[in-house]
Amino acid sequence: MNKPRIVILGAGYAGLITAVKLKKELGYNEAEITLVNKHQYHYQTTWLHEPAAGTMDPERTRVDIKSVLDTNRVQFVKDIVIEIKKDEKKVILEKSELEYDYLVVALGSEPETFGVPGVFEHAFSKWTVNGARQVKDHIDYMFSKYNNEDQKRDELLTFVVAGAGFTGIEFIGELSERVPNLCKKYDVPQEKVKMYVIEAAPTALPGFDPELVEYAMNLLESRGVEFKINCPIKEVIEGGVILADGDEIKSETVVWATGVRGSSIIEKSGFEAMRGRVKVQSDLRAPEHDDVFIIGDCALIINEEINRPYPPTAQIALQQGEVCARNIKALIKGGELESFKPDIKGTVASLGGGEAIGLVYGKKIYGNSASFMKKMIDNRSLYILGGPGLVMKKGKSPF
Ligand code: FAD
Ligand code: NAD
């Protein structure tokens with residue numbers, strides 16, 4: 001009998017952990033497993049605000065896929081997914097095609113603009129390794145350019161972050177921490193640098209603990225960050241942003257962090273979706289497609305307690321990867337499929353410079369202890385992917 005063909009799309013948190021766990025769950029002759037990813041490396045998405053602001057070498061966030069995957073057991077294909085032909089049970093890649101018996105879609109997310117014009121043309125919105133490199137290089141360039149022009153243009157030293165969600169807050173935390181060094185390095189008076197975080201909702205970090213939000217805002221303001229709350233961005237233009245009240249902020253650097261939607265491959269392939277996320281069955285399969293699992297940021301699951309979707313996080317993506325691997329094993333070898341229920345341990349957000357805020361098992365933490373916790377969480381995801389060896393190689397010192 002032919003071995004069932006399992007194809008996994010995307011080697012982020014969800015896809016890579018599915019591949020790593022499937023290799024453990026299934027014997028050599030029980031399945032043919034293929035992992036497809038557009039790069040030869042996995043990256044720690046949850047760290048990207050650091051290289052983007054220039055406080056971490058981007059190399060640190062990358063993990064060579066072949067270093068954590070047994071390629072005798074899981075075939076790795078470096079290629080770009082173009083479309084899923086679910087009725088023909090095949091995937092169209094840029095350079096080839098793959099047929100499957102079971103498919104795992106773990107292609108992550110794309111920036112959400114909510115229809116705001118100009119984002120893709122004039123803002124930095126890609127939270128990827130290459131995106132982070134570009135933001136960092138651009139920031140450095142703005143500092144060098146400022147002093148090299150005869151006319152001192154304030155917009156070169158004005159940095160706008162769109163969205164005070166966790167991504168925006170973590171990014172400005174790193175940038176605000178780095179600005180004094182940048183000023184020293186490029187002979188720029190620090191009072192010339194303006195950092196804005198612009199948020200549409202009536203508070204930063206909407207839905208998070210108000211006391212911790214206040215802690216974060218006070219700390220960031222003490223480093224020179226200015227918040228504009230309840231103030232949606234209406235348009236991004238060349239050289240700045242236009243706010244809903246008509247005001248304009250001139251800036252040569254707009255970093256977009258207003259949330260995410262699931263991969264565009266989902267809608268392109270004809271899955272019914274809400275903002276690119278498929279409301280999956282409890283066992284993580286797509287409705288009416290029992291051979292397709294959708295996990296990570298492409299999946300939508302409802303928190304029944306509040307009747308709202310869980311936010312897309314690495315914490316959930318990793319847990320889904322494990323359940324997905326066990327459910328594929330059950331389909332192949334027999335057994336009950338598991339229902340997925342997220343085990344939310346908490347949320348911790350870094351603020352740069354050894355500072356963070358968090359709610360862990362319902363307990364509020366902030367300052368150095370929260371920063372310690374954040375680094376431990378960051379190391380844990382490395383541990384799950386590649387064991388202690390990967391933590392030693394890429395991990396963060398918690399102190
Ligand atoms: P990803 O990790 O994004 O992986 C998707 C993979 O698919 C990538 O390898 C990508 O290259 C590949 N891919 C995409 N399209 C294609 C294609 N067409 N063809 C081939 N390959 C493709 N969550 C937390 O829980 N805690 C945090 O502290 C946290 N911090 C964050 C900080 C930042 C700056 C950001 C941006 C997000 C953060 N998140 C955090 C959210 C978290 O990163 C995501 O929820 C998580 O990465 C989702 O995992 P995933 O496997 O679905 O997608
Ligand atoms: P988000 O949806 O959490 O926050 C986006 C923010 O942008 C919201 O507060 C929203 O009101 C605001 N916004 C939307 N449109 C706007 C506009 N036109 N002008 C101004 N503000 C606007 O998105 P995110 O911060 O990108 O995070 C994405 C996911 O990743 C979330 O699930 C988040 O929980 C997760 N994440 C977690 C961590 C962590 O746990 N430390 C860090 C980063 C991201």
# chains A, B, ... in the order shown; residues from 1 in each chain; ligands from 1
call {"tool": "residues_near_ligand", "arguments": {"ligand": "ligand 1", "cutoff": "7 Å", "atoms": "only C-alpha atoms and all ligand atoms", "output": "ChimeraX atom specification"}}
result
/A:9-15,36-39,42-49,79-82,106-109,127,167,171,263,265,295-298,312-317,347-349
call {"tool": "select_by_dssp", "arguments": {"residues": "region 67-100 of chain A", "states": "strand (DSSP E or B)", "output": "list in words"}}
result
Val74, Gln75, Phe76, Val77, Lys78, Val81, Ile82, Glu83, Ile84, Lys85, Lys90, Val91, Ile92, Leu93, Glu97, Leu98 and Glu99 of chain A
call {"tool": "residues_near_ligand", "arguments": {"ligand": "ligand 2", "cutoff": "7 Å", "atoms": "only C-alpha atoms and all ligand atoms", "output": "PyMOL selection string"}}
result
chain A and resi 46+113-114+116+162-168+170+198-201+204-206+231-234+257-260+311-313+347-350
call {"tool": "write_last_selection", "arguments": {"atoms": "C-alpha atoms", "output": "CSV table (one decimal), in the first residue's frame"}}
result
chain,number,residue,atom,x,y,z
A,46,THR,CA,7.9,36.9,18.2
A,113,THR,CA,-4.6,47.7,6.8
A,114,PHE,CA,-8.4,47.9,7.4
A,116,VAL,CA,-6.2,52.5,5.0
A,162,ALA,CA,0.8,52.8,13.7
A,163,GLY,CA,-1.1,50.8,16.3
A,164,ALA,CA,-0.5,50.5,20.1
A,165,GLY,CA,-1.1,46.7,20.1
A,166,PHE,CA,1.6,44.4,21.4
A,167,THR,CA,3.7,44.6,18.3
A,168,GLY,CA,3.6,48.4,18.2
A,170,GLU,CA,7.2,46.1,21.8
A,198,ILE,CA,-0.9,56.3,17.2
A,199,GLU,CA,-3.8,54.2,18.3
A,200,ALA,CA,-7.4,54.1,17.0
A,201,ALA,CA,-8.9,52.6,20.2
A,204,ALA,CA,-3.2,51.5,24.2
A,205,LEU,CA,-3.2,47.7,24.3
A,206,PRO,CA,-7.0,47.5,24.2
A,231,CYS,CA,-6.9,58.7,16.9
A,232,PRO,CA,-7.1,56.4,13.9
A,233,ILE,CA,-4.7,56.9,11.0
A,234,LYS,CA,-6.8,57.7,7.9
A,257,ALA,CA,1.5,47.4,13.4
A,258,THR,CA,-2.3,47.6,13.3
A,259,GLY,CA,-2.9,43.9,13.4
A,260,VAL,CA,-2.9,40.9,11.1
A,311,PRO,CA,-6.0,36.5,19.2
A,312,PRO,CA,-3.5,34.9,16.8
A,313,THR,CA,-0.4,34.1,18.9
A,347,THR,CA,0.8,37.3,28.0
A,348,VAL,CA,4.1,39.1,28.5
A,349,ALA,CA,5.3,42.0,26.4
A,350,SER,CA,8.8,43.4,26.4
call {"tool": "closest_residue", "arguments": {"among": "A:Leu103, A:Met274, A:Cys324, A:Val161", "to": "Val292 (chain A)", "atoms": "only C-alpha atoms"}}
result
A:Leu103
call {"tool": "closest_residue", "arguments": {"among": "A:Val197, A:Leu182, A:Ile172, A:Ile266", "to": "Lys85 (chain A)", "atoms": "only C-alpha atoms"}}
result
A:Ile266
call {"tool": "residues_around", "arguments": {"residues": "Ser264 (chain A)", "least_positions_apart": "3", "cutoff": "8 Å", "atoms": "only C-alpha atoms", "output": "ChimeraX atom specification"}}
result
/A:110,267-268,276
call {"tool": "atom_distance", "arguments": {"atom1": "CA of Lys185 (chain A)", "atom2": "CA of Glu155 (chain A)"}}
result
19.0 Å
call {"tool": "residues_around", "arguments": {"residues": "region 237-245 of chain A", "least_positions_apart": "6", "cutoff": "12 Å", "atoms": "only C-alpha atoms", "output": "MDAnalysis selection string"}}
result
chainID A and resid 116:123 153:162 196:200 228:231 251:256
call {"tool": "write_last_selection", "arguments": {"atoms": "C-alpha atoms", "output": "compact mmCIF listing (two decimals), in the first residue's frame"}}
result
# COMPACT_ATOMS: atom_id res chain seq x y z
CA VAL A 116 -6.24 52.51 5.03
CA PRO A 117 -4.67 53.68 1.76
CA GLY A 118 -0.93 54.04 1.28
CA VAL A 119 0.25 51.42 3.78
CA PHE A 120 2.00 49.11 1.34
CA GLU A 121 3.44 52.02 -0.65
CA HIS A 122 4.70 54.25 2.17
CA ALA A 123 4.93 52.30 5.46
CA ARG A 153 14.36 68.32 8.24
CA ASP A 154 12.46 67.21 11.35
CA GLU A 155 10.61 64.48 9.46
CA LEU A 156 13.86 62.55 9.13
CA LEU A 157 13.97 62.17 12.91
CA THR A 158 10.22 61.63 13.39
CA PHE A 159 9.25 57.98 13.83
CA VAL A 160 5.60 56.94 13.68
CA VAL A 161 4.29 53.60 14.90
CA ALA A 162 0.76 52.83 13.71
CA TYR A 196 4.75 58.78 18.06
CA VAL A 197 2.53 55.78 18.73
CA ILE A 198 -0.86 56.31 17.15
CA GLU A 199 -3.79 54.20 18.29
CA ALA A 200 -7.37 54.12 17.01
CA LYS A 228 -1.94 59.70 20.29
CA ILE A 229 -4.85 57.65 21.53
CA ASN A 230 -8.36 57.44 20.07
CA CYS A 231 -6.86 58.74 16.90
CA SER A 251 7.59 61.47 9.04
CA GLU A 252 9.92 59.57 6.76
CA THR A 253 9.46 56.43 8.88
CA VAL A 254 6.04 54.89 9.44
CA VAL A 255 6.03 51.40 10.97
CA TRP A 256 2.70 49.63 10.50
call {"tool": "select_by_dssp", "arguments": {"residues": "region 252-364 of chain A", "states": "alpha helix (DSSP H)", "output": "number ranges by chain"}}
result
A: 264-268, 314-333
call {"tool": "write_last_selection", "arguments": {"atoms": "C-alpha atoms", "output": "mmCIF file, in the first residue's frame"}}
result
data_model
loop_
_atom_site.group_PDB
_atom_site.id
_atom_site.type_symbol
_atom_site.label_atom_id
_atom_site.label_comp_id
_atom_site.auth_asym_id
_atom_site.auth_seq_id
_atom_site.Cartn_x
_atom_site.Cartn_y
_atom_site.Cartn_z
ATOM 1 C CA SER A 264 -3.918 35.561 1.354
ATOM 2 C CA ILE A 265 -3.436 31.972 0.062
ATOM 3 C CA ILE A 266 -6.452 30.990 2.187
ATOM 4 C CA GLU A 267 -8.933 33.210 0.357
ATOM 5 C CA LYS A 268 -7.237 32.704 -3.000
ATOM 6 C CA ALA A 314 2.669 31.906 18.817
ATOM 7 C CA GLN A 315 1.512 30.392 22.081
ATOM 8 C CA ILE A 316 -1.598 29.005 20.348
ATOM 9 C CA ALA A 317 0.233 28.160 17.093
ATOM 10 C CA LEU A 318 2.707 25.923 18.953
ATOM 11 C CA GLN A 319 -0.071 24.135 20.832
ATOM 12 C CA GLN A 320 -2.032 23.625 17.607
ATOM 13 C CA GLY A 321 1.027 22.116 15.899
ATOM 14 C CA GLU A 322 1.226 19.442 18.597
ATOM 15 C CA VAL A 323 -2.497 18.581 18.439
ATOM 16 C CA CYS A 324 -2.440 18.616 14.626
ATOM 17 C CA ALA A 325 0.409 16.061 14.581
ATOM 18 C CA ARG A 326 -1.460 13.764 16.990
ATOM 19 C CA ASN A 327 -4.683 14.080 14.975
ATOM 20 C CA ILE A 328 -2.946 13.188 11.716
ATOM 21 C CA LYS A 329 -1.467 10.167 13.453
ATOM 22 C CA ALA A 330 -4.983 9.191 14.599
ATOM 23 C CA LEU A 331 -6.281 9.476 11.035
ATOM 24 C CA ILE A 332 -3.483 7.263 9.724
ATOM 25 C CA LYS A 333 -3.155 4.722 12.525
#
call {"tool": "decode", "arguments": {"residues": "region 172-183 of chain A", "atoms": "all heavy atoms", "output": "PDB file, in the first residue's frame"}}
result
ATOM      1  N   ILE A 172       8.297  50.006  19.795  1.00  0.00           N
ATOM      2  CA  ILE A 172       8.699  51.337  20.277  1.00  0.00           C
ATOM      3  C   ILE A 172       9.510  51.202  21.571  1.00  0.00           C
ATOM      4  O   ILE A 172      10.381  52.024  21.856  1.00  0.00           O
ATOM      5  CB  ILE A 172       7.476  52.288  20.450  1.00  0.00           C
ATOM      6  CG1 ILE A 172       7.918  53.757  20.373  1.00  0.00           C
ATOM      7  CG2 ILE A 172       6.727  52.042  21.744  1.00  0.00           C
ATOM      8  CD1 ILE A 172       8.349  54.224  19.041  1.00  0.00           C
ATOM      9  N   GLY A 173       9.242  50.141  22.323  1.00  0.00           N
ATOM     10  CA  GLY A 173      10.057  49.878  23.521  1.00  0.00           C
ATOM     11  C   GLY A 173      11.516  49.711  23.142  1.00  0.00           C
ATOM     12  O   GLY A 173      12.413  50.300  23.761  1.00  0.00           O
ATOM     13  N   GLU A 174      11.777  48.930  22.109  1.00  0.00           N
ATOM     14  CA  GLU A 174      13.170  48.715  21.672  1.00  0.00           C
ATOM     15  C   GLU A 174      13.749  49.989  21.077  1.00  0.00           C
ATOM     16  O   GLU A 174      14.878  50.368  21.382  1.00  0.00           O
ATOM     17  CB  GLU A 174      13.231  47.596  20.622  1.00  0.00           C
ATOM     18  CG  GLU A 174      12.805  46.232  21.111  1.00  0.00           C
ATOM     19  CD  GLU A 174      13.653  45.690  22.243  1.00  0.00           C
ATOM     20  OE1 GLU A 174      14.880  45.889  22.224  1.00  0.00           O
ATOM     21  OE2 GLU A 174      13.071  45.076  23.165  1.00  0.00           O
ATOM     22  N   LEU A 175      12.957  50.656  20.216  1.00  0.00           N
ATOM     23  CA  LEU A 175      13.493  51.843  19.541  1.00  0.00           C
ATOM     24  C   LEU A 175      13.805  52.953  20.546  1.00  0.00           C
ATOM     25  O   LEU A 175      14.867  53.583  20.493  1.00  0.00           O
ATOM     26  CB  LEU A 175      12.511  52.348  18.471  1.00  0.00           C
ATOM     27  CG  LEU A 175      12.998  53.566  17.693  1.00  0.00           C
ATOM     28  CD1 LEU A 175      14.286  53.254  16.923  1.00  0.00           C
ATOM     29  CD2 LEU A 175      11.933  54.074  16.724  1.00  0.00           C
ATOM     30  N   SER A 176      12.878  53.174  21.480  1.00  0.00           N
ATOM     31  CA  SER A 176      13.089  54.263  22.453  1.00  0.00           C
ATOM     32  C   SER A 176      14.312  53.987  23.314  1.00  0.00           C
ATOM     33  O   SER A 176      14.996  54.900  23.765  1.00  0.00           O
ATOM     34  CB  SER A 176      11.841  54.451  23.327  1.00  0.00           C
ATOM     35  OG  SER A 176      11.549  53.260  24.030  1.00  0.00           O
ATOM     36  N   GLU A 177      14.598  52.721  23.523  1.00  0.00           N
ATOM     37  CA  GLU A 177      15.769  52.336  24.301  1.00  0.00           C
ATOM     38  C   GLU A 177      17.054  52.596  23.502  1.00  0.00           C
ATOM     39  O   GLU A 177      18.096  52.925  24.058  1.00  0.00           O
ATOM     40  CB  GLU A 177      15.616  50.834  24.640  1.00  0.00           C
ATOM     41  CG  GLU A 177      16.653  50.230  25.513  1.00  0.00           C
ATOM     42  CD  GLU A 177      16.818  50.904  26.855  1.00  0.00           C
ATOM     43  OE1 GLU A 177      15.887  51.619  27.300  1.00  0.00           O
ATOM     44  OE2 GLU A 177      17.889  50.735  27.452  1.00  0.00           O
ATOM     45  N   ARG A 178      16.949  52.483  22.191  1.00  0.00           N
ATOM     46  CA  ARG A 178      18.148  52.619  21.340  1.00  0.00           C
ATOM     47  C   ARG A 178      18.447  54.071  20.944  1.00  0.00           C
ATOM     48  O   ARG A 178      19.598  54.391  20.590  1.00  0.00           O
ATOM     49  CB  ARG A 178      17.931  51.769  20.071  1.00  0.00           C
ATOM     50  CG  ARG A 178      19.146  51.680  19.219  1.00  0.00           C
ATOM     51  CD  ARG A 178      19.057  50.661  18.129  1.00  0.00           C
ATOM     52  NE  ARG A 178      20.209  50.773  17.256  1.00  0.00           N
ATOM     53  CZ  ARG A 178      20.147  51.025  15.958  1.00  0.00           C
ATOM     54  NH1 ARG A 178      18.986  51.161  15.343  1.00  0.00           N
ATOM     55  NH2 ARG A 178      21.253  51.126  15.250  1.00  0.00           N
ATOM     56  N   VAL A 179      17.411  54.923  21.001  1.00  0.00           N
ATOM     57  CA  VAL A 179      17.584  56.287  20.497  1.00  0.00           C
ATOM     58  C   VAL A 179      18.765  57.037  21.132  1.00  0.00           C
ATOM     59  O   VAL A 179      19.542  57.673  20.408  1.00  0.00           O
ATOM     60  CB  VAL A 179      16.249  57.070  20.598  1.00  0.00           C
ATOM     61  CG1 VAL A 179      16.459  58.568  20.628  1.00  0.00           C
ATOM     62  CG2 VAL A 179      15.369  56.706  19.400  1.00  0.00           C
ATOM     63  N   PRO A 180      18.980  56.988  22.448  1.00  0.00           N
ATOM     64  CA  PRO A 180      20.131  57.718  22.999  1.00  0.00           C
ATOM     65  C   PRO A 180      21.451  57.294  22.351  1.00  0.00           C
ATOM     66  O   PRO A 180      22.302  58.139  22.055  1.00  0.00           O
ATOM     67  CB  PRO A 180      20.105  57.348  24.494  1.00  0.00           C
ATOM     68  CG  PRO A 180      18.672  56.984  24.767  1.00  0.00           C
ATOM     69  CD  PRO A 180      18.162  56.367  23.510  1.00  0.00           C
ATOM     70  N   ASN A 181      21.606  56.003  22.082  1.00  0.00           N
ATOM     71  CA  ASN A 181      22.842  55.541  21.429  1.00  0.00           C
ATOM     72  C   ASN A 181      22.937  56.034  19.996  1.00  0.00           C
ATOM     73  O   ASN A 181      24.012  56.424  19.528  1.00  0.00           O
ATOM     74  CB  ASN A 181      22.915  54.006  21.422  1.00  0.00           C
ATOM     75  CG  ASN A 181      23.167  53.478  22.821  1.00  0.00           C
ATOM     76  OD1 ASN A 181      23.713  54.195  23.655  1.00  0.00           O
ATOM     77  ND2 ASN A 181      22.757  52.256  23.077  1.00  0.00           N
ATOM     78  N   LEU A 182      21.782  56.013  19.298  1.00  0.00           N
ATOM     79  CA  LEU A 182      21.781  56.501  17.913  1.00  0.00           C
ATOM     80  C   LEU A 182      22.169  57.973  17.876  1.00  0.00           C
ATOM     81  O   LEU A 182      22.935  58.411  17.020  1.00  0.00           O
ATOM     82  CB  LEU A 182      20.394  56.304  17.293  1.00  0.00           C
ATOM     83  CG  LEU A 182      20.072  54.900  16.795  1.00  0.00           C
ATOM     84  CD1 LEU A 182      18.569  54.744  16.535  1.00  0.00           C
ATOM     85  CD2 LEU A 182      20.852  54.587  15.515  1.00  0.00           C
ATOM     86  N   CYS A 183      21.629  58.744  18.832  1.00  0.00           N
ATOM     87  CA  CYS A 183      21.927  60.187  18.876  1.00  0.00           C
ATOM     88  C   CYS A 183      23.418  60.410  19.090  1.00  0.00           C
ATOM     89  O   CYS A 183      24.036  61.270  18.444  1.00  0.00           O
ATOM     90  CB  CYS A 183      21.123  60.861  19.988  1.00  0.00           C
ATOM     91  SG  CYS A 183      19.378  60.934  19.586  1.00  0.00           S
TER      92      CYS A 183
END
